[in-house]
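Coordinates as given in start-v2.cif (mmCIF, C-alpha atoms):
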data_data
loop_
_atom_site.group_PDB
_atom_site.id
_atom_site.type_symbol
_atom_site.label_atom_id
_atom_site.label_comp_id
_atom_site.auth_asym_id
_atom_site.auth_seq_id
_atom_site.Cartn_x
_atom_site.Cartn_y
_atom_site.Cartn_z
ATOM 1 C CA MET A 823 86.662 76.262 124.122
ATOM 2 C CA THR A 824 88.239 78.850 126.399
ATOM 3 C CA GLU A 825 86.519 82.081 127.353
ATOM 4 C CA THR A 826 88.817 84.038 125.043
ATOM 5 C CA SER A 827 88.182 81.657 122.118
ATOM 6 C CA GLU A 828 84.449 81.961 122.608
ATOM 7 C CA ARG A 829 84.636 85.763 122.665
ATOM 8 C CA ILE A 830 86.705 85.821 119.478
ATOM 9 C CA THR A 831 84.304 83.409 117.758
ATOM 10 C CA ASN A 832 81.296 85.457 118.809
ATOM 11 C CA GLN A 833 82.834 88.648 117.459
ATOM 12 C CA ARG A 834 83.707 86.914 114.202
ATOM 13 C CA GLU A 835 80.081 85.904 113.872
ATOM 14 C CA GLY A 836 78.940 89.445 114.552
ATOM 15 C CA GLU A 837 77.860 89.407 118.193
ATOM 16 C CA PRO A 838 76.438 92.895 118.804
ATOM 17 C CA GLY A 839 78.899 95.295 120.410
ATOM 18 C CA GLY A 840 76.429 98.043 121.216
ATOM 19 C CA THR A 841 74.994 100.672 118.923
ATOM 20 C CA PRO A 842 77.789 102.531 117.139
ATOM 21 C CA PRO A 843 77.950 106.294 116.562
ATOM 22 C CA VAL A 844 75.945 107.602 113.630
ATOM 23 C CA ILE A 845 78.541 110.113 112.425
ATOM 24 C CA ASP A 846 80.929 108.440 109.987
ATOM 25 C CA SER A 847 84.146 109.707 111.550
ATOM 26 C CA ALA A 848 83.144 108.474 115.001
ATOM 27 C CA PHE A 849 81.918 105.218 113.479
ATOM 28 C CA ALA A 850 85.355 104.716 111.883
ATOM 29 C CA ARG A 851 86.978 105.039 115.319
ATOM 30 C CA TRP A 852 84.447 102.658 116.893
ATOM 31 C CA LEU A 853 84.978 100.087 114.159
ATOM 32 C CA ALA A 854 88.785 100.261 114.273
ATOM 33 C CA ASP A 855 88.727 99.893 118.060
ATOM 34 C CA ARG A 856 86.452 96.844 117.834
ATOM 35 C CA ALA A 857 88.761 95.143 115.351
ATOM 36 C CA GLY A 858 91.762 96.076 117.474
ATOM 37 C CA GLN A 859 90.304 94.395 120.537
ATOM 38 C CA VAL A 860 89.682 91.229 118.544
ATOM 39 C CA LEU A 861 93.328 91.249 117.457
ATOM 40 C CA LEU A 862 94.516 91.623 121.043
ATOM 41 C CA ASP A 863 92.307 88.656 121.954
ATOM 42 C CA VAL A 864 93.758 86.565 119.128
ATOM 43 C CA ARG A 865 97.276 87.384 120.295
ATOM 44 C CA ALA A 866 96.448 86.474 123.882
ATOM 45 C CA GLU A 867 94.761 83.226 122.888
ATOM 46 C CA MET A 868 97.322 81.940 120.387
ATOM 47 C CA GLY A 869 100.612 83.266 121.699
ATOM 48 C CA PHE A 870 103.639 83.745 119.450
ATOM 49 C CA ALA A 871 104.991 80.244 118.925
ATOM 50 C CA ASP A 872 103.610 80.001 115.386
ATOM 51 C CA GLY A 873 103.953 83.410 113.746
ATOM 52 C CA LYS A 874 102.459 82.366 110.422
ATOM 53 C CA ALA A 875 99.339 80.934 112.046
ATOM 54 C CA LEU A 876 98.998 84.037 114.208
ATOM 55 C CA LYS A 877 99.169 86.322 111.162
ATOM 56 C CA THR A 878 96.519 84.272 109.355
ATOM 57 C CA ALA A 879 94.197 84.110 112.358
ATOM 58 C CA GLY A 880 94.534 87.820 113.093
ATOM 59 C CA ASP A 881 93.875 88.886 109.511
ATOM 60 C CA ARG A 882 90.819 86.652 109.282
ATOM 61 C CA ALA A 883 89.322 87.606 112.663
ATOM 62 C CA ALA A 884 89.662 91.354 112.089
ATOM 63 C CA HIS A 885 88.465 91.136 108.477
ATOM 64 C CA ASP A 886 85.400 89.127 109.476
ATOM 65 C CA LEU A 887 84.495 91.627 112.194
ATOM 66 C CA LEU A 888 84.947 94.638 109.924
ATOM 67 C CA ARG A 889 82.900 93.070 107.146
ATOM 68 C CA THR A 890 80.144 91.959 109.551
ATOM 69 C CA GLU A 891 79.779 95.329 111.252
ATOM 70 C CA LEU A 892 79.855 97.245 107.961
ATOM 71 C CA ALA A 893 77.159 94.958 106.560
ATOM 72 C CA ARG A 894 75.059 95.557 109.676
ATOM 73 C CA TRP A 895 75.501 99.296 110.136
ATOM 74 C CA ARG A 896 76.381 100.571 106.639
ATOM 75 C CA PRO A 897 74.634 98.055 104.340
ATOM 76 C CA ALA A 898 74.342 100.451 101.382
ATOM 77 C CA ASP A 899 78.073 101.183 101.305
ATOM 78 C CA ALA A 900 80.699 99.237 99.351
ATOM 79 C CA VAL A 901 83.851 97.843 100.971
ATOM 80 C CA LEU A 902 87.447 97.321 99.866
ATOM 81 C CA SER A 903 89.438 95.192 102.313
ATOM 82 C CA GLU A 904 92.937 93.842 101.890
ATOM 83 C CA GLU A 905 91.594 90.398 102.765
ATOM 84 C CA ASP A 906 88.849 90.398 100.123
ATOM 85 C CA ASP A 907 89.206 87.858 97.339
ATOM 86 C CA HIS A 908 90.786 89.498 94.282
ATOM 87 C CA SER A 909 91.361 92.720 96.244
ATOM 88 C CA ARG A 910 94.596 93.418 94.354
ATOM 89 C CA VAL A 911 93.150 92.883 90.880
ATOM 90 C CA ALA A 912 93.000 95.976 88.687
ATOM 91 C CA TRP A 913 89.778 96.269 86.715
ATOM 92 C CA GLN A 914 90.124 97.355 83.100
ATOM 93 C CA ASP A 915 87.218 98.756 81.151
ATOM 94 C CA GLY A 916 86.341 96.725 78.081
ATOM 95 C CA GLU A 917 87.626 93.368 79.318
ATOM 96 C CA PRO A 918 84.701 90.960 78.901
ATOM 97 C CA SER A 919 86.243 88.420 81.253
ATOM 98 C CA SER A 920 86.455 90.837 84.202
ATOM 99 C CA VAL A 921 83.640 91.801 86.530
ATOM 100 C CA ARG A 922 83.496 95.482 87.446
ATOM 101 C CA PRO A 923 83.887 95.793 91.230
ATOM 102 C CA GLU A 924 80.777 97.029 93.014
ATOM 103 C CA ARG A 925 82.795 99.718 94.755
ATOM 104 C CA LEU A 926 83.489 101.558 91.478
ATOM 105 C CA GLY A 927 79.792 102.325 91.107
ATOM 106 C CA SER A 928 79.260 103.332 94.718
ATOM 107 C CA ASN A 929 79.224 106.839 96.165
ATOM 108 C CA ARG A 930 80.586 105.546 99.489
ATOM 109 C CA VAL A 931 83.337 102.964 99.963
ATOM 110 C CA TRP A 932 84.958 101.821 103.192
ATOM 111 C CA ILE A 933 88.648 101.062 102.633
ATOM 112 C CA VAL A 934 89.993 98.867 105.424
ATOM 113 C CA ASP A 935 93.175 97.062 106.378
ATOM 114 C CA PRO A 936 92.377 94.496 109.090
ATOM 115 C CA VAL A 937 96.029 94.274 110.193
ATOM 116 C CA ASP A 938 98.551 96.787 108.924
ATOM 117 C CA GLY A 939 101.930 95.345 109.866
ATOM 118 C CA THR A 940 101.266 91.611 110.181
ATOM 119 C CA ARG A 941 104.984 90.938 110.778
ATOM 120 C CA GLU A 942 104.958 93.173 113.839
ATOM 121 C CA PHE A 943 101.593 91.794 114.959
ATOM 122 C CA SER A 944 103.082 88.288 115.042
ATOM 123 C CA GLU A 945 106.166 89.258 117.076
ATOM 124 C CA GLU A 946 105.973 89.273 120.855
ATOM 125 C CA GLY A 947 106.491 92.662 122.442
ATOM 126 C CA ARG A 948 105.998 94.686 119.265
ATOM 127 C CA THR A 949 103.380 97.422 119.328
ATOM 128 C CA ASP A 950 103.974 99.007 115.886
ATOM 129 C CA TRP A 951 100.994 97.506 114.047
ATOM 130 C CA ALA A 952 97.557 98.955 113.384
ATOM 131 C CA VAL A 953 94.001 98.647 112.076
ATOM 132 C CA HIS A 954 92.935 101.030 109.299
ATOM 133 C CA VAL A 955 89.354 102.128 108.621
ATOM 134 C CA ALA A 956 88.652 104.877 106.067
ATOM 135 C CA LEU A 957 85.617 106.136 104.184
ATOM 136 C CA TRP A 958 85.898 107.290 100.574
ATOM 137 C CA SER A 959 82.991 109.471 99.502
ATOM 138 C CA ALA A 960 82.298 110.791 96.013
ATOM 139 C CA ASP A 961 80.711 113.829 97.661
ATOM 140 C CA SER A 962 83.797 114.750 99.679
ATOM 141 C CA GLY A 963 85.301 118.080 98.714
ATOM 142 C CA ASN A 964 88.989 117.183 99.046
ATOM 143 C CA PRO A 965 91.016 115.662 96.154
ATOM 144 C CA SER A 966 91.474 112.317 97.902
ATOM 145 C CA HIS A 967 87.714 112.089 98.614
ATOM 146 C CA LEU A 968 88.521 110.693 102.066
ATOM 147 C CA ALA A 969 85.636 111.654 104.332
ATOM 148 C CA ALA A 970 86.600 109.797 107.518
ATOM 149 C CA GLY A 971 89.389 107.670 108.885
ATOM 150 C CA ALA A 972 90.786 105.984 111.971
ATOM 151 C CA ILE A 973 94.126 104.366 112.837
ATOM 152 C CA ALA A 974 93.825 102.056 115.826
ATOM 153 C CA MET A 975 97.086 100.990 117.467
ATOM 154 C CA PRO A 976 95.667 98.421 119.876
ATOM 155 C CA ALA A 977 98.910 97.367 121.554
ATOM 156 C CA ARG A 978 99.551 101.042 122.345
ATOM 157 C CA HIS A 979 95.962 101.592 123.507
ATOM 158 C CA ARG A 980 95.676 104.571 121.190
ATOM 159 C CA THR A 981 93.486 105.512 118.234
ATOM 160 C CA LEU A 982 93.839 108.543 115.976
ATOM 161 C CA ALA A 983 90.738 109.493 114.019
ATOM 162 C CA THR A 984 89.094 112.281 112.087
ATOM 163 C CA ASP A 985 86.276 112.761 114.604
ATOM 164 C CA TYR A 986 88.765 114.467 116.920
ATOM 165 C CA PRO A 987 91.809 115.188 114.732
ATOM 166 C CA PRO A 988 95.060 115.542 116.667
ATOM 167 C CA ALA A 989 96.543 119.012 116.957
ATOM 168 C CA TYR A 990 99.102 119.961 114.337
ATOM 169 C CA PRO A 991 102.481 118.665 115.535
ATOM 170 C CA PRO A 992 104.617 121.365 117.130
ATOM 171 C CA LEU A 993 107.606 122.652 115.204
ATOM 172 C CA PRO A 994 110.854 121.283 116.612
ATOM 173 C CA ILE A 995 112.778 123.653 118.859
ATOM 174 C CA ASP A 996 116.063 124.774 117.336
ATOM 175 C CA ASN A 997 118.634 124.405 120.078
ATOM 176 C CA GLY A 998 121.508 125.031 117.728
ATOM 177 C CA ASP A 999 122.507 121.394 117.971
ATOM 178 C CA GLY A 1000 122.049 120.645 114.286
ATOM 179 C CA ARG A 1001 119.014 118.450 114.873
ATOM 180 C CA SER A 1002 118.232 116.557 111.678
ATOM 181 C CA ILE A 1003 114.889 115.879 110.040
ATOM 182 C CA ARG A 1004 113.447 112.562 111.174
ATOM 183 C CA ILE A 1005 112.063 110.341 108.424
ATOM 184 C CA ALA A 1006 110.030 107.296 109.464
ATOM 185 C CA ALA A 1007 111.325 104.276 107.542
ATOM 186 C CA SER A 1008 110.861 100.534 107.359
ATOM 187 C CA ARG A 1009 112.762 98.746 110.095
ATOM 188 C CA THR A 1010 113.460 95.735 107.859
ATOM 189 C CA ARG A 1011 113.717 97.018 104.292
ATOM 190 C CA PRO A 1012 114.044 100.797 103.892
ATOM 191 C CA PRO A 1013 114.043 101.685 100.179
ATOM 192 C CA ALA A 1014 117.473 102.577 98.816
ATOM 193 C CA PHE A 1015 116.214 105.916 97.519
ATOM 194 C CA VAL A 1016 115.066 106.901 101.036
ATOM 195 C CA THR A 1017 118.565 106.278 102.360
ATOM 196 C CA ALA A 1018 120.016 108.435 99.565
ATOM 197 C CA LEU A 1019 117.398 111.121 100.204
ATOM 198 C CA ALA A 1020 118.235 111.172 103.913
ATOM 199 C CA GLU A 1021 121.938 111.552 103.156
ATOM 200 C CA GLU A 1022 121.303 114.486 100.816
ATOM 201 C CA ILE A 1023 119.138 116.511 103.181
ATOM 202 C CA GLY A 1024 120.883 115.450 106.391
ATOM 203 C CA ALA A 1025 117.944 113.474 107.711
ATOM 204 C CA GLU A 1026 117.816 110.706 110.297
ATOM 205 C CA LEU A 1027 115.963 107.480 109.470
ATOM 206 C CA VAL A 1028 113.711 106.331 112.311
ATOM 207 C CA PRO A 1029 112.879 102.617 111.913
ATOM 208 C CA MET A 1030 109.381 101.388 112.761
ATOM 209 C CA GLY A 1031 106.767 98.935 111.551
ATOM 210 C CA SER A 1032 103.507 99.457 109.711
ATOM 211 C CA ALA A 1033 102.692 102.292 107.318
ATOM 212 C CA GLY A 1034 99.912 103.429 109.633
ATOM 213 C CA VAL A 1035 102.270 103.640 112.591
ATOM 214 C CA LYS A 1036 104.786 105.614 110.510
ATOM 215 C CA ILE A 1037 102.176 108.168 109.456
ATOM 216 C CA ALA A 1038 100.871 108.266 113.037
ATOM 217 C CA ALA A 1039 104.416 109.155 114.123
ATOM 218 C CA VAL A 1040 104.331 112.163 111.788
ATOM 219 C CA ILE A 1041 100.899 113.140 113.094
ATOM 220 C CA ASN A 1042 102.157 112.877 116.680
ATOM 221 C CA GLY A 1043 105.348 114.803 115.982
ATOM 222 C CA GLU A 1044 107.568 111.775 116.690
ATOM 223 C CA ALA A 1045 108.810 111.986 113.091
ATOM 224 C CA ASP A 1046 108.876 114.842 110.612
ATOM 225 C CA ALA A 1047 108.071 112.887 107.456
ATOM 226 C CA TYR A 1048 107.229 109.504 105.976
ATOM 227 C CA VAL A 1049 108.256 108.772 102.415
ATOM 228 C CA HIS A 1050 107.488 105.530 100.600
ATOM 229 C CA ALA A 1051 107.811 104.132 97.102
ATOM 230 C CA GLY A 1052 107.950 100.589 95.860
ATOM 231 C CA GLY A 1053 104.535 99.070 96.390
ATOM 232 C CA GLN A 1054 101.481 99.726 98.528
ATOM 233 C CA TYR A 1055 97.735 99.519 98.057
ATOM 234 C CA GLU A 1056 94.934 101.907 98.914
ATOM 235 C CA TRP A 1057 94.199 100.215 102.243
ATOM 236 C CA ASP A 1058 97.797 100.778 103.385
ATOM 237 C CA SER A 1059 97.405 104.551 103.442
ATOM 238 C CA ALA A 1060 93.743 105.625 103.181
ATOM 239 C CA ALA A 1061 92.965 105.797 106.903
ATOM 240 C CA PRO A 1062 96.241 107.372 108.069
ATOM 241 C CA VAL A 1063 96.184 109.858 105.180
ATOM 242 C CA ALA A 1064 92.627 110.852 106.136
ATOM 243 C CA VAL A 1065 93.795 111.603 109.682
ATOM 244 C CA ALA A 1066 96.950 113.388 108.478
ATOM 245 C CA LEU A 1067 94.919 115.639 106.181
ATOM 246 C CA ALA A 1068 92.425 116.369 108.962
ATOM 247 C CA THR A 1069 95.380 117.331 111.169
ATOM 248 C CA GLY A 1070 96.592 119.786 108.512
ATOM 249 C CA LEU A 1071 99.657 117.899 107.298
ATOM 250 C CA HIS A 1072 100.838 117.582 103.714
ATOM 251 C CA ALA A 1073 100.049 114.268 101.965
ATOM 252 C CA SER A 1074 100.658 113.552 98.285
ATOM 253 C CA ARG A 1075 102.283 111.236 95.780
ATOM 254 C CA ILE A 1076 106.063 111.585 95.695
ATOM 255 C CA ASP A 1077 105.765 113.637 92.495
ATOM 256 C CA GLY A 1078 103.526 116.090 94.366
ATOM 257 C CA SER A 1079 100.261 114.999 92.741
ATOM 258 C CA ALA A 1080 97.135 114.250 94.747
ATOM 259 C CA LEU A 1081 96.540 110.866 96.362
ATOM 260 C CA LYS A 1082 93.455 109.254 94.846
ATOM 261 C CA TYR A 1083 91.417 106.384 96.237
ATOM 262 C CA ASN A 1084 88.732 103.961 95.055
ATOM 263 C CA GLU A 1085 90.481 103.702 91.707
ATOM 264 C CA ALA A 1086 90.059 100.843 89.234
ATOM 265 C CA ASP A 1087 93.601 99.745 90.125
ATOM 266 C CA PRO A 1088 93.882 99.648 93.940
ATOM 267 C CA LYS A 1089 97.670 99.855 93.815
ATOM 268 C CA LEU A 1090 98.938 103.142 95.253
ATOM 269 C CA PRO A 1091 102.672 102.592 95.320
ATOM 270 C CA ASP A 1092 104.093 105.819 96.724
ATOM 271 C CA LEU A 1093 103.358 108.729 99.016
ATOM 272 C CA VAL A 1094 104.879 111.396 101.212
ATOM 273 C CA VAL A 1095 103.355 112.671 104.451
ATOM 274 C CA CYS A 1096 105.083 115.505 106.272
ATOM 275 C CA ARG A 1097 104.732 118.871 107.921
ATOM 276 C CA LYS A 1098 103.720 121.487 105.369
ATOM 277 C CA ASP A 1099 106.877 123.516 105.894
ATOM 278 C CA LEU A 1100 108.987 120.525 104.810
ATOM 279 C CA ALA A 1101 106.951 119.566 101.747
ATOM 280 C CA PRO A 1102 108.647 121.819 99.143
ATOM 281 C CA ARG A 1103 112.129 120.728 100.227
ATOM 282 C CA LEU A 1104 111.273 117.032 100.343
ATOM 283 C CA LEU A 1105 109.408 117.004 97.051
ATOM 284 C CA ALA A 1106 112.246 118.824 95.300
ATOM 285 C CA ALA A 1107 114.824 116.394 96.672
ATOM 286 C CA LEU A 1108 112.633 113.418 95.773
ATOM 287 C CA GLN A 1109 112.739 114.360 92.100
ATOM 288 C CA ARG A 1110 116.457 113.605 92.216
ATOM 289 C CA HIS A 1111 115.994 110.254 93.927
ATOM 290 C CA LEU A 1112 112.857 108.749 92.386
ATOM 291 C CA PRO A 1113 113.242 104.991 92.027
#

Could you take the file, read its structure, and then write that structure out as structure tokens?
Amino acid sequence: MTETSERITNQREGEPGGTPPVIDSAFARWLADRAGQVLLDVRAEMGFADGKALKTAGDRAAHDLLRTELARWRPADAVLSEEDDHSRVAWQDGEPSSVRPERLGSNRVWIVDPVDGTREFSEEGRTDWAVHVALWSADSGNPSHLAAGAIAMPARHRTLATDYPPAYPPLPIDNGDGRSIRIAASRTRPPAFVTALAEEIGAELVPMGSAGVKIAAVINGEADAYVHAGGQYEWDSAAPVAVALATGLHASRIDGSALKYNEADPKLPDLVVCRKDLAPRLLAALQRHLP
């Protein structure tokens, strides 16, 4: 076993990584960074010859670390991870054959995505993938009930989190050059309605990878908006939405309603994240282009 393999194995098995911060928002950052380092180690150890194997190994290594550390440091909290068995199953009240998920009876639930953007993670040279760690709390005062969140972008050596929310992105300077609105979009399969929306409002589509990286681009001011419809789950957006809201950005469903998490059905298929000054215009245009 190589040194890297041994380190990855030890972290999978929960080798202590020091005492984490007590405050939840700082803990979310710490946890996302730990998982991100494991993913960088997996990449370095395995290389990119077998993309499918790399995706599987990365998902498993990061999931195992997240689950282990949450069990150690937040044992009373529930967890929803993309890599959990039956994570996509919607629970329906009154079905005798279904077991009510523990998280639905918990006041605190960590919603995590071990690798957001596995395609990009498995491609050499790509940095547009992320780790998501968010905390849903029944006691949180905001409609989403997101109390903490962190987006780690390990290949970019950057983490955005609610412990130190980024400053609100600066408004673009109008140089009279007709600069268009920039909408972060999938680099491989942008939804048809997003293309039509961009054409109507004169926007430019900016292709990039994972949902977390797209929302991070809005937070950083590299894009003005991210609009999605067509299929996502709570773990795809919980952490980046938590950071976006802490930054002061607009985040909602594409019909303008509030984003809700820790629901009986974990599917959360659509959202829009943008600067607040753009929200009325985007939401109005979206009503004409809803899929």

Which residues fall under the PyMOL selection byres ((chain A and resi 975) around 10) in this file, as a PyMOL selection string? chain A and resi 854-855+858-859+937-938+949-954+972-974+976-982+1034-1035+1038

Best match for closeness to Ala1020 of chain A among A:Val931, A:Ile1076, A:Cys1096, A:Ala1107, counting only C-alpha atoms: A:Ala1107

Can you spell out as a PyMOL selection string the set of residues that the PyMOL selection byres ((chain A and resi 1089) around 12) selects in the structure I just provided? chain A and resi 904+909-913+1051-1060+1081-1088+1090-1093

Selected residue of minimal separation from Ser959 of chain A among A:Arg941, A:His1072, A:Arg1011, A:Arg930, counting all atoms listed in the file: A:Arg930

Give me the residues near Val955 of chain A as a ChimeraX atom specification, where near means some atom within 10 Å (using only C-alpha atoms) and where sequence neighbours in that chain fewer than 5 positions away do not count. /A:847,849-855,857,888,903,932-936,970-974,983,1057,1059-1062,1064

Can you pull segment 1097-1107 of chain A out of that block with all heavy atoms and hand it back as a PDB file, in the first residue's frame?
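Wrote part17.pdb, looks like this:
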ATOM      1  N   ARG A1097     -28.557  37.909  -8.155  1.00  0.00           N
ATOM      2  CA  ARG A1097     -28.554  39.167  -7.428  1.00  0.00           C
ATOM      3  C   ARG A1097     -29.994  39.619  -7.224  1.00  0.00           C
ATOM      4  O   ARG A1097     -30.848  39.414  -8.085  1.00  0.00           O
ATOM      5  CB  ARG A1097     -27.772  40.238  -8.188  1.00  0.00           C
ATOM      6  CG  ARG A1097     -26.291  39.939  -8.366  1.00  0.00           C
ATOM      7  CD  ARG A1097     -25.523  41.222  -8.709  1.00  0.00           C
ATOM      8  NE  ARG A1097     -26.279  42.129  -9.565  1.00  0.00           N
ATOM      9  CZ  ARG A1097     -26.223  42.133 -10.903  1.00  0.00           C
ATOM     10  NH1 ARG A1097     -25.447  41.267 -11.525  1.00  0.00           N
ATOM     11  NH2 ARG A1097     -26.946  43.001 -11.603  1.00  0.00           N
ATOM     12  N   LYS A1098     -30.262  40.286  -6.121  1.00  0.00           N
ATOM     13  CA  LYS A1098     -31.639  40.661  -5.804  1.00  0.00           C
ATOM     14  C   LYS A1098     -32.232  41.615  -6.834  1.00  0.00           C
ATOM     15  O   LYS A1098     -33.433  41.582  -7.101  1.00  0.00           O
ATOM     16  CB  LYS A1098     -31.697  41.279  -4.400  1.00  0.00           C
ATOM     17  CG  LYS A1098     -31.602  40.238  -3.297  1.00  0.00           C
ATOM     18  CD  LYS A1098     -31.838  40.847  -1.931  1.00  0.00           C
ATOM     19  CE  LYS A1098     -31.893  39.764  -0.869  1.00  0.00           C
ATOM     20  NZ  LYS A1098     -32.099  40.298   0.496  1.00  0.00           N
ATOM     21  N   ASP A1099     -31.397  42.454  -7.432  1.00  0.00           N
ATOM     22  CA  ASP A1099     -31.931  43.401  -8.404  1.00  0.00           C
ATOM     23  C   ASP A1099     -32.403  42.717  -9.684  1.00  0.00           C
ATOM     24  O   ASP A1099     -33.207  43.273 -10.420  1.00  0.00           O
ATOM     25  CB  ASP A1099     -30.884  44.465  -8.746  1.00  0.00           C
ATOM     26  CG  ASP A1099     -29.609  43.859  -9.315  1.00  0.00           C
ATOM     27  OD1 ASP A1099     -28.935  43.115  -8.570  1.00  0.00           O
ATOM     28  OD2 ASP A1099     -29.289  44.119 -10.482  1.00  0.00           O
ATOM     29  N   LEU A1100     -31.917  41.501  -9.940  1.00  0.00           N
ATOM     30  CA  LEU A1100     -32.316  40.770 -11.143  1.00  0.00           C
ATOM     31  C   LEU A1100     -33.522  39.865 -10.913  1.00  0.00           C
ATOM     32  O   LEU A1100     -34.159  39.428 -11.877  1.00  0.00           O
ATOM     33  CB  LEU A1100     -31.155  39.901 -11.640  1.00  0.00           C
ATOM     34  CG  LEU A1100     -29.963  40.612 -12.257  1.00  0.00           C
ATOM     35  CD1 LEU A1100     -28.890  39.591 -12.627  1.00  0.00           C
ATOM     36  CD2 LEU A1100     -30.379  41.411 -13.479  1.00  0.00           C
ATOM     37  N   ALA A1101     -33.826  39.568  -9.654  1.00  0.00           N
ATOM     38  CA  ALA A1101     -34.835  38.557  -9.353  1.00  0.00           C
ATOM     39  C   ALA A1101     -36.198  38.860  -9.981  1.00  0.00           C
ATOM     40  O   ALA A1101     -36.782  37.973 -10.630  1.00  0.00           O
ATOM     41  CB  ALA A1101     -34.966  38.371  -7.843  1.00  0.00           C
ATOM     42  N   PRO A1102     -36.759  40.069  -9.851  1.00  0.00           N
ATOM     43  CA  PRO A1102     -38.077  40.295 -10.446  1.00  0.00           C
ATOM     44  C   PRO A1102     -38.101  40.062 -11.952  1.00  0.00           C
ATOM     45  O   PRO A1102     -39.044  39.455 -12.481  1.00  0.00           O
ATOM     46  CB  PRO A1102     -38.359  41.765 -10.094  1.00  0.00           C
ATOM     47  CG  PRO A1102     -37.533  42.033  -8.881  1.00  0.00           C
ATOM     48  CD  PRO A1102     -36.286  41.242  -9.093  1.00  0.00           C
ATOM     49  N   ARG A1103     -37.064  40.510 -12.647  1.00  0.00           N
ATOM     50  CA  ARG A1103     -37.007  40.355 -14.099  1.00  0.00           C
ATOM     51  C   ARG A1103     -36.882  38.886 -14.495  1.00  0.00           C
ATOM     52  O   ARG A1103     -37.574  38.413 -15.402  1.00  0.00           O
ATOM     53  CB  ARG A1103     -35.828  41.155 -14.649  1.00  0.00           C
ATOM     54  CG  ARG A1103     -35.683  41.105 -16.167  1.00  0.00           C
ATOM     55  CD  ARG A1103     -34.480  41.913 -16.599  1.00  0.00           C
ATOM     56  NE  ARG A1103     -34.252  41.805 -18.029  1.00  0.00           N
ATOM     57  CZ  ARG A1103     -33.168  42.273 -18.637  1.00  0.00           C
ATOM     58  NH1 ARG A1103     -32.232  42.897 -17.932  1.00  0.00           N
ATOM     59  NH2 ARG A1103     -33.014  42.125 -19.952  1.00  0.00           N
ATOM     60  N   LEU A1104     -36.013  38.166 -13.807  1.00  0.00           N
ATOM     61  CA  LEU A1104     -35.821  36.750 -14.131  1.00  0.00           C
ATOM     62  C   LEU A1104     -37.068  35.930 -13.833  1.00  0.00           C
ATOM     63  O   LEU A1104     -37.486  35.097 -14.641  1.00  0.00           O
ATOM     64  CB  LEU A1104     -34.634  36.182 -13.350  1.00  0.00           C
ATOM     65  CG  LEU A1104     -33.237  36.465 -13.894  1.00  0.00           C
ATOM     66  CD1 LEU A1104     -32.195  35.872 -12.960  1.00  0.00           C
ATOM     67  CD2 LEU A1104     -33.067  35.898 -15.292  1.00  0.00           C
ATOM     68  N   LEU A1105     -37.652  36.153 -12.671  1.00  0.00           N
ATOM     69  CA  LEU A1105     -38.827  35.378 -12.288  1.00  0.00           C
ATOM     70  C   LEU A1105     -39.995  35.639 -13.238  1.00  0.00           C
ATOM     71  O   LEU A1105     -40.737  34.712 -13.596  1.00  0.00           O
ATOM     72  CB  LEU A1105     -39.223  35.694 -10.847  1.00  0.00           C
ATOM     73  CG  LEU A1105     -38.247  35.193  -9.772  1.00  0.00           C
ATOM     74  CD1 LEU A1105     -38.637  35.743  -8.404  1.00  0.00           C
ATOM     75  CD2 LEU A1105     -38.200  33.671  -9.735  1.00  0.00           C
ATOM     76  N   ALA A1106     -40.147  36.891 -13.663  1.00  0.00           N
ATOM     77  CA  ALA A1106     -41.221  37.208 -14.602  1.00  0.00           C
ATOM     78  C   ALA A1106     -40.992  36.516 -15.942  1.00  0.00           C
ATOM     79  O   ALA A1106     -41.918  35.946 -16.535  1.00  0.00           O
ATOM     80  CB  ALA A1106     -41.322  38.720 -14.790  1.00  0.00           C
ATOM     81  N   ALA A1107     -39.753  36.545 -16.420  1.00  0.00           N
ATOM     82  CA  ALA A1107     -39.440  35.899 -17.692  1.00  0.00           C
ATOM     83  C   ALA A1107     -39.581  34.382 -17.595  1.00  0.00           C
ATOM     84  O   ALA A1107     -40.014  33.720 -18.546  1.00  0.00           O
ATOM     85  CB  ALA A1107     -38.023  36.276 -18.135  1.00  0.00           C
TER      86      ALA A1107
END
